[in-house]
$ cat query.cif   # mmCIF, C-alpha atoms
data_target
loop_
_atom_site.label_atom_id
_atom_site.label_comp_id
_atom_site.auth_asym_id
_atom_site.auth_seq_id
_atom_site.Cartn_x
_atom_site.Cartn_y
_atom_site.Cartn_z
CA LYS A 1 115.87 60.47 89.92
CA ASP A 2 115.57 61.62 93.50
CA PRO A 3 118.68 60.35 95.35
CA GLU A 4 116.76 59.80 98.58
CA THR A 5 113.52 58.24 97.36
CA GLY A 6 114.66 56.86 94.01
CA GLY A 7 111.52 58.24 92.42
CA SER A 8 111.12 60.71 89.58
CA THR A 9 111.77 64.32 90.60
CA GLU A 10 108.88 65.48 88.43
CA LYS A 11 106.49 63.05 90.15
CA ASN A 12 107.70 64.09 93.60
CA VAL A 13 107.26 67.77 92.78
CA SER A 14 103.82 67.07 91.30
CA ALA A 15 102.74 65.24 94.46
CA LEU A 16 104.08 68.04 96.67
CA VAL A 17 102.38 70.78 94.68
CA GLN A 18 99.11 68.85 94.54
CA ALA A 19 99.16 68.43 98.33
CA LEU A 20 99.74 72.17 98.71
CA GLN A 21 96.91 72.95 96.29
CA LYS A 22 94.53 70.70 98.23
CA THR A 23 95.54 72.46 101.44
CA ARG A 24 94.85 75.82 99.83
CA LEU A 25 91.48 74.50 98.65
CA PHE A 26 90.67 73.40 102.21
CA GLU A 27 91.57 76.85 103.57
CA LYS A 28 89.43 78.50 100.92
CA GLU A 29 86.42 76.27 101.58
CA MET A 30 86.71 76.75 105.35
CA THR A 31 86.88 80.52 104.86
CA ALA A 32 83.72 80.45 102.74
CA ARG A 33 81.89 78.21 105.22
CA LEU A 34 82.82 80.33 108.23
CA LYS A 35 81.67 83.46 106.43
CA ARG A 36 78.41 81.85 105.36
CA GLU A 37 77.40 79.93 108.47
CA TYR A 38 78.91 82.06 111.24
CA GLY A 39 79.10 85.46 109.60
CA VAL A 40 82.82 85.68 110.28
CA ASN A 41 84.39 88.75 108.69
CA PHE A 42 88.09 87.96 108.29
CA ASP A 43 90.79 90.60 108.45
CA THR A 44 92.73 90.18 105.20
CA ALA A 45 94.88 93.31 105.56
CA ALA A 46 97.79 91.35 107.06
CA ASN A 47 97.41 88.47 104.63
CA ASN A 48 97.24 89.40 100.94
CA GLN A 49 97.01 85.81 99.81
CA ASP A 50 93.22 86.07 99.78
CA ASP A 51 93.32 88.53 96.90
CA ASP A 52 95.75 86.36 94.97
CA ASP A 53 93.62 83.31 95.56
CA GLU A 54 90.53 85.00 94.14
CA SER A 55 91.90 84.60 90.60
CA MET A 56 92.18 80.80 90.90
CA GLU A 57 89.79 77.91 91.39
CA TYR A 58 90.56 74.36 92.53
CA ASP A 59 88.76 71.10 91.85
CA GLU A 60 88.37 68.23 94.33
CA LEU A 61 91.78 66.85 93.33
CA GLY A 62 93.54 70.14 94.03
CA ASN A 63 94.13 71.03 90.36
CA GLN A 64 94.17 74.80 89.79
CA PHE A 65 92.43 76.70 87.02
CA SER A 66 91.92 80.32 86.15
CA ARG A 67 88.71 81.52 87.81
CA LYS A 68 87.42 82.88 84.48
CA SER A 69 88.21 79.76 82.45
CA ALA A 70 85.61 77.10 81.62
CA LYS A 71 87.26 74.58 83.94
CA GLY A 72 87.49 77.19 86.68
CA ILE A 73 83.80 78.03 86.38
CA ARG A 74 82.86 74.33 86.48
CA ALA A 75 85.05 73.82 89.57
CA ARG A 76 83.41 76.80 91.32
CA ILE A 77 79.89 75.59 90.51
CA ALA A 78 80.72 72.09 91.74
CA ARG A 79 82.15 73.50 94.98
CA GLU A 80 79.12 75.74 95.56
CA LYS A 81 76.73 72.82 94.98
CA ALA A 82 78.68 70.71 97.47
CA ASN A 83 78.57 73.51 100.03
CA VAL A 84 74.80 73.94 99.59
CA SER A 85 74.16 70.20 100.00
CA GLU A 86 76.19 70.12 103.20
CA LYS A 87 74.81 73.35 104.65
CA VAL A 88 73.71 73.09 108.25
CA VAL A 89 70.97 75.35 109.60
CA LEU A 90 72.21 76.96 112.78
CA ARG A 91 70.13 78.53 115.56
CA GLY A 92 72.36 81.54 115.88
CA LYS A 93 75.51 83.16 114.61
CA VAL A 94 78.70 83.77 116.49
CA GLU A 95 80.05 87.23 115.93
CA ILE A 96 83.82 87.45 115.76
CA GLU A 97 85.59 90.77 115.41
CA LYS A 98 87.74 90.37 112.30
CA PRO A 99 89.97 87.41 113.12
CA GLN A 100 93.08 86.81 111.05
CA SER A 101 92.49 85.12 107.71
CA ILE A 102 93.07 81.38 107.76
CA ILE A 103 94.40 81.44 104.21
CA GLY A 104 98.04 80.45 104.52
CA ILE A 105 97.97 79.16 108.11
CA ALA A 106 98.27 75.53 107.02
CA SER A 107 99.64 75.94 103.50
CA SER A 108 102.56 78.10 104.68
CA VAL A 109 104.22 75.06 106.28
CA PHE A 110 105.02 73.80 102.76
CA ASP A 111 107.22 76.82 102.01
CA PRO A 112 110.53 75.47 103.39
CA TYR A 113 110.08 72.24 101.39
CA LEU A 114 109.38 73.68 97.94
CA GLU A 115 113.01 73.83 96.85
CA PRO A 116 112.53 70.80 94.50
CA TYR A 117 109.76 72.76 92.78
CA VAL A 118 112.10 75.72 92.26
CA SER A 119 114.85 73.35 91.07
CA LEU A 120 112.50 71.94 88.45
CA GLU A 121 111.71 75.45 87.21
CA GLN A 122 115.44 76.12 87.03
CA GLN A 123 116.00 72.91 85.08
CA ASN A 124 113.36 73.89 82.53
CA MET A 125 114.90 77.33 82.05
CA SER A 126 118.38 75.83 81.72
CA GLN A 127 117.11 73.62 78.91
CA GLN A 128 115.68 76.66 77.13
CA ILE A 129 118.98 78.53 77.50
CA ALA A 130 120.93 75.57 76.15
CA LYS A 131 118.70 75.51 73.07
CA ALA A 132 119.16 79.26 72.65
CA GLY A 133 122.83 78.73 71.88
CA LYS A 134 121.92 76.84 68.70
CA ASP A 135 118.78 78.78 67.77
CA ASN A 136 119.28 81.90 65.66
CA SER A 137 115.65 82.37 64.63
CA VAL A 138 114.41 85.96 64.85
CA ALA A 139 110.89 87.18 65.57
CA SER A 140 110.16 90.32 63.56
CA ARG A 141 106.47 90.80 64.32
CA GLY A 142 107.05 93.36 67.05
CA GLU A 143 108.39 96.89 66.92
CA HIS A 144 111.97 95.61 67.06
CA PRO A 145 113.18 92.20 65.84
CA VAL A 146 114.47 89.97 68.65
CA PHE A 147 115.65 86.41 69.07
CA THR A 148 112.69 84.08 69.60
CA SER A 149 114.67 82.43 72.40
CA SER A 150 114.49 85.66 74.42
CA THR A 151 110.72 85.97 74.09
CA ASP A 152 110.30 82.28 74.92
CA LEU A 153 112.42 82.67 78.05
CA PHE A 154 110.57 85.75 79.30
CA VAL A 155 107.17 84.18 78.63
CA TYR A 156 108.25 81.13 80.62
CA MET A 157 109.45 83.36 83.47
CA LYS A 158 106.15 85.25 83.49
CA ASN A 159 104.17 82.00 83.68
CA SER A 160 106.55 80.73 86.35
CA ILE A 161 105.80 83.79 88.48
CA THR A 162 102.07 83.13 88.11
CA ARG A 163 102.50 79.48 89.11
CA CYS A 164 104.65 80.34 92.10
CA THR A 165 102.60 83.21 93.54
CA VAL A 166 99.54 80.98 93.59
CA LEU A 167 101.49 78.59 95.82
CA SER A 168 103.69 80.97 97.80
CA ARG A 169 104.80 84.57 98.00
CA GLY A 170 107.39 83.93 100.69
CA GLU A 171 110.66 82.03 100.75
CA THR A 172 109.83 80.00 97.64
CA PHE A 173 109.16 83.13 95.59
CA PHE A 174 112.49 84.59 96.72
CA MET A 175 114.29 81.40 95.68
CA LEU A 176 112.60 81.67 92.28
CA TYR A 177 113.83 85.27 91.97
CA GLN A 178 117.39 84.04 92.54
CA VAL A 179 116.90 81.40 89.83
CA PHE A 180 115.68 84.13 87.44
CA LYS A 181 118.76 86.22 88.19
CA LYS A 182 121.13 83.32 87.51
CA SER A 183 119.22 82.24 84.40
CA LEU A 184 119.38 85.74 82.90
CA GLU A 185 123.12 85.84 83.54
CA ASN A 186 123.51 82.49 81.79
CA TYR A 187 121.38 83.65 78.88
CA ALA A 188 123.50 86.81 78.55
CA ASN A 189 126.63 84.64 78.41
CA VAL A 190 125.05 82.51 75.67
CA MET A 191 124.24 85.65 73.70
CA PHE A 192 127.80 86.92 74.21
CA GLN A 193 129.13 83.71 72.65
CA LYS A 194 127.19 84.57 69.50
CA LEU A 195 129.29 87.68 68.93
CA PRO A 196 132.00 87.39 66.28
CA THR A 197 135.62 87.05 67.29
CA SER A 198 137.18 90.41 68.10
CA VAL A 199 140.35 91.64 66.46
CA SER A 200 142.28 94.04 68.70
CA THR A 201 144.91 96.43 67.48
CA ALA A 202 147.06 98.44 69.84
CA ALA A 203 149.45 101.34 69.40
CA SER A 204 151.64 103.10 71.96
CA PHE A 205 153.02 106.61 71.93
CA ALA A 206 155.06 108.71 74.28
CA PHE A 207 153.44 111.43 76.35
CA GLY A 208 155.84 113.07 78.77
CA ALA A 209 157.43 110.43 80.95
CA SER A 210 154.65 107.89 80.40
CA ASN A 211 153.69 105.64 77.59
CA ILE A 212 149.97 105.60 76.79
CA ILE A 213 148.38 102.61 75.13
CA SER A 214 145.63 103.32 72.65
CA SER A 215 143.64 100.23 71.73
CA SER A 216 141.00 99.72 69.11
CA VAL A 217 138.70 96.69 69.06
CA GLN A 218 137.27 95.53 65.77
CA TYR A 219 134.98 92.63 64.89
CA ARG A 220 134.84 90.47 61.84
CA ILE A 221 131.21 89.88 60.98
CA PRO A 222 130.56 86.71 58.97
CA ASP A 223 128.44 86.95 55.86
CA ASP A 224 124.67 87.20 56.49
CA GLU A 225 125.21 87.53 60.26
CA GLU A 226 124.60 91.26 60.57
CA GLN A 227 120.96 90.82 61.56
CA ASN A 228 121.66 88.19 64.22
CA ILE A 229 124.41 90.28 65.83
CA CYS A 230 122.12 93.32 66.08
CA HIS A 231 119.44 91.27 67.80
#
$ encode --input "query.cif" --output "structure tokens"
Amino acid sequence: KDPETGGSTEKNVSALVQALQKTRLFEKEMTARLKREYGVNFDTAANNQDDDDESMEYDELGNQFSRKSAKGIRARIAREKANVSEKVVLRGKVEIEKPQSIIGIASSVFDPYLEPYVSLEQQNMSQQIAKAGKDNSVASRGEHPVFTSSTDLFVYMKNSITRCTVLSRGETFFMLYQVFKKSLENYANVMFQKLPTSVSTAASFAFGASNIISSSVQYRIPDDEEQNICH
């Protein structure tokens, strides 16, 4: 529960992200209309969000889809039909010398308020890491066998990057990077706990006026655990 609103954190994050997606959709539609009706040629060199946005499509509710997916194609066709039906015939065109892209002008104001979104991503990764402590299943389909928990975590992180960069490449993306760093440290600690208990032996001998300690660390590997320890 959100301590301030009393509502579900997931619902609040969903509403926030949907509002941001609708804002991005508005910026995209306005860019297309200004290009079509006024011949405006935007300068996108200082704003690389246009290129990132080209891979996504949004429906009228702000839901995002891959541009090449069936839903993405349907959303694009619906948007183009709506633009054609609302097209206004103008007497002339206003020439503007490469103004700054409007992509991100409105949607960037969401950036300082997306911490709950990052927190939700962190919560999901923490749940995966907690399960990894009890999961010893190994995936052996690749070149080298690895714990399935590691592949699951990295796949989630990859998808998380895709989700985030569609929304923001600024402060929110940096916060997500920090969450990744902490999550990987936590996962490494979970993997360390899977190691067998070490048995240390130490011996000392005289060398001149100093005593030198020579230590040897050994591990007791339980039966049938060799494979898991290697992975």
$ closest_residue --input "query.cif" --among "A:Asp43, A:Asp111, A:Ser150, A:Leu184" --to "Thr165 in chain A" --atoms "only C-alpha atoms"
A:Asp111
$ atom_distance --input "query.cif" --atom1 "CA of Phe26 in chain A" --atom2 "CA of Ser108 in chain A"
13.0 Å
$ closest_residue --input "query.cif" --among "A:Asn12, A:Ser168, A:Tyr38, A:Gly72" --to "Val109 in chain A" --atoms "all atoms listed in the file"
A:Ser168
$ residues_near_point --input "query.cif" --point "(87.6, 81.8, 102.3)" --cutoff "9 Å" --atoms "only C-alpha atoms" --output "list of chain:residue names"
A:Phe26, A:Glu27, A:Lys28, A:Glu29, A:Met30, A:Thr31, A:Ala32, A:Arg33, A:Leu34, A:Lys35, A:Phe42, A:Asp50, A:Ser101, A:Ile102, A:Ile103
$ closest_residue --input "query.cif" --among "A:Phe174, A:Ser140, A:Ala106, A:Tyr187" --to "Ser126 in chain A" --atoms "only C-alpha atoms"
A:Tyr187
$ atom_distance --input "query.cif" --atom1 "CA of Gln127 in chain A" --atom2 "CA of Met157 in chain A"
13.2 Å
$ resolve_selection --input "query.cif" --expression "the PyMOL selection byres ((chain A and resi 113-120) around 12)" --output "PDB file with C-alpha atoms, in the frame of the given file"
ATOM      1  CA  LYS A   1     115.870  60.470  89.920  1.00  0.00           C
ATOM      2  CA  ASP A   2     115.570  61.620  93.500  1.00  0.00           C
ATOM      3  CA  SER A   8     111.120  60.710  89.580  1.00  0.00           C
ATOM      4  CA  THR A   9     111.770  64.320  90.600  1.00  0.00           C
ATOM      5  CA  GLU A  10     108.880  65.480  88.430  1.00  0.00           C
ATOM      6  CA  LYS A  11     106.490  63.050  90.150  1.00  0.00           C
ATOM      7  CA  ASN A  12     107.700  64.090  93.600  1.00  0.00           C
ATOM      8  CA  VAL A  13     107.260  67.770  92.780  1.00  0.00           C
ATOM      9  CA  SER A  14     103.820  67.070  91.300  1.00  0.00           C
ATOM     10  CA  ALA A  15     102.740  65.240  94.460  1.00  0.00           C
ATOM     11  CA  LEU A  16     104.080  68.040  96.670  1.00  0.00           C
ATOM     12  CA  VAL A  17     102.380  70.780  94.680  1.00  0.00           C
ATOM     13  CA  GLN A  18      99.110  68.850  94.540  1.00  0.00           C
ATOM     14  CA  ALA A  19      99.160  68.430  98.330  1.00  0.00           C
ATOM     15  CA  LEU A  20      99.740  72.170  98.710  1.00  0.00           C
ATOM     16  CA  SER A 107      99.640  75.940 103.500  1.00  0.00           C
ATOM     17  CA  SER A 108     102.560  78.100 104.680  1.00  0.00           C
ATOM     18  CA  VAL A 109     104.220  75.060 106.280  1.00  0.00           C
ATOM     19  CA  PHE A 110     105.020  73.800 102.760  1.00  0.00           C
ATOM     20  CA  ASP A 111     107.220  76.820 102.010  1.00  0.00           C
ATOM     21  CA  PRO A 112     110.530  75.470 103.390  1.00  0.00           C
ATOM     22  CA  GLU A 121     111.710  75.450  87.210  1.00  0.00           C
ATOM     23  CA  GLN A 122     115.440  76.120  87.030  1.00  0.00           C
ATOM     24  CA  GLN A 123     116.000  72.910  85.080  1.00  0.00           C
ATOM     25  CA  ASN A 124     113.360  73.890  82.530  1.00  0.00           C
ATOM     26  CA  MET A 125     114.900  77.330  82.050  1.00  0.00           C
ATOM     27  CA  SER A 126     118.380  75.830  81.720  1.00  0.00           C
ATOM     28  CA  GLN A 127     117.110  73.620  78.910  1.00  0.00           C
ATOM     29  CA  MET A 157     109.450  83.360  83.470  1.00  0.00           C
ATOM     30  CA  SER A 160     106.550  80.730  86.350  1.00  0.00           C
ATOM     31  CA  ILE A 161     105.800  83.790  88.480  1.00  0.00           C
ATOM     32  CA  ARG A 163     102.500  79.480  89.110  1.00  0.00           C
ATOM     33  CA  CYS A 164     104.650  80.340  92.100  1.00  0.00           C
ATOM     34  CA  LEU A 167     101.490  78.590  95.820  1.00  0.00           C
ATOM     35  CA  SER A 168     103.690  80.970  97.800  1.00  0.00           C
ATOM     36  CA  ARG A 169     104.800  84.570  98.000  1.00  0.00           C
ATOM     37  CA  GLY A 170     107.390  83.930 100.690  1.00  0.00           C
ATOM     38  CA  GLU A 171     110.660  82.030 100.750  1.00  0.00           C
ATOM     39  CA  THR A 172     109.830  80.000  97.640  1.00  0.00           C
ATOM     40  CA  PHE A 173     109.160  83.130  95.590  1.00  0.00           C
ATOM     41  CA  PHE A 174     112.490  84.590  96.720  1.00  0.00           C
ATOM     42  CA  MET A 175     114.290  81.400  95.680  1.00  0.00           C
ATOM     43  CA  LEU A 176     112.600  81.670  92.280  1.00  0.00           C
ATOM     44  CA  TYR A 177     113.830  85.270  91.970  1.00  0.00           C
ATOM     45  CA  GLN A 178     117.390  84.040  92.540  1.00  0.00           C
ATOM     46  CA  VAL A 179     116.900  81.400  89.830  1.00  0.00           C
ATOM     47  CA  PHE A 180     115.680  84.130  87.440  1.00  0.00           C
ATOM     48  CA  SER A 183     119.220  82.240  84.400  1.00  0.00           C
TER      49      SER A 183
END
$ atom_distance --input "query.cif" --atom1 "CA of Glu37 in chain A" --atom2 "CA of Ser66 in chain A"
26.6 Å
$ axis_aligned_box --input "query.cif" --around "range 137-141 of chain A" --padding-each-side "4 Å" --output "AutoDock Vina command-line options"
--center_x 111.1 --center_y 86.6 --center_z 64.6 --size_x 17.2 --size_y 16.4 --size_z 10.0
$ closest_residue --input "query.cif" --among "A:Asn186, A:Asp152, A:Lys181, A:Arg76" --to "Ala130 in chain A" --atoms "all atoms listed in the file"
A:Asn186
